[in-house]
Amino acid sequence: MSTDEKKGLIATINRWDHDAMNRVPSPTGLLKYLALGITAFGSAVFTLPAEILGWFFAGPMLSPWFGLSLLADVPGHLIVIVPFRYAFKRERPTPFTKAPLGFDQWNIWSFPSAHSLRTWTLATIWSFGVPSYWYVFVLIASIITGTRIVLRRHFPSDIIVGSLLGIILGYAVANIFPTGISCPWI
């Protein structure tokens with residue numbers, strides 16, 4: 001693929017993203033606060049304590065899956081999200097209003113979505129751990145990642161790529177310790 005073809009592809013994706021964002025109404029009032037509450041479940045502020053508590057208290061059948069998700073969560077961000085964001089430096093649909101801390105400069109950029117990576121990594125790992133509830137994990141991950149578009153924190157392509165990277169990372173981490181259990185939706 002030549003440089004001109006790459007630029008054309010990126011321009012096409014950007015046009016598609018902006019067209020899609022123009023079709024999504026911004027939530028107001030109660031809906032906005034509901035979306036903000038839902039999207040918080042994809043944040044490390046919520047997932048890391050939940051994974052740690054799950055690891056300690058879930059019991060012998062589920063504890064390893066919480067441990068694996070904890071293993072994937074932080075390194076997944078450092079290894080996947082940060083390099084992508086520095087490489088692409090794509091602006092968010094709505095400018096980042098929180099002043100970045102010294103170590104999280106990468107968070108002002110949009111591509112790919114860290115919430116999508118995290119929630120789909122966890123959904124994939126937990127689908128291996130509790131295959132009978134895979135649809136619940138997929139539904140929760142879909143709702144959380146959808147709120148990122150509705151709240152104008154990410155473009156659709158940020159969500160799609162973050163979700164795909166999360167599924168790949170979750171699948172890889174879940175297969176580090178084979179259990180003979182397969183993920184029903186992969």
# chains A, B, ... in the order shown; residues from 1 in each chain; ligands from 1
>>> residues_around(residues="Val150 of chain A", least_positions_apart="3", cutoff="12 Å", atoms="only C-alpha atoms", output="number ranges by chain")
A: 20-28, 31-36, 38-39, 93-94, 143-147, 153-156, 159
>>> residues_around(residues="Ile168 of chain A", least_positions_apart="6", cutoff="9 Å", atoms="only C-alpha atoms", output="ChimeraX atom specification")
/A:120-121,124
>>> atom_distance(atom1="atom CA of Phe111 of chain A", atom2="atom CA of Glu91 of chain A")
8.1 Å
>>> atom_distance(atom1="atom CA of Thr12 of chain A", atom2="atom CA of Ile79 of chain A")
27.6 Å
>>> select_by_dssp(residues="segment 12-164 of chain A", states="helix (DSSP H, G or I)", output="PyMOL selection string")
chain A and resi 12-23+29-40+44-57+63-88+105-108+114-129+131-150+156-164
>>> residues_around(residues="Ile167 of chain A", least_positions_apart="2", cutoff="10 Å", atoms="only C-alpha atoms", output="PyMOL selection string")
chain A and resi 116-125+161-165+169-173+186
>>> atom_distance(atom1="atom CA of Leu151 of chain A", atom2="atom CA of Thr47 of chain A")
19.8 Å
>>> closest_residue(among="A:Arg152, A:Asp158, A:Ala50, A:Ser142", to="Lys89 of chain A", atoms="only C-alpha atoms")
A:Asp158
>>> closest_residue(among="A:Ile140, A:Gly29, A:Val130, A:Ser113", to="Ile160 of chain A", atoms="only C-alpha atoms")
A:Ser113
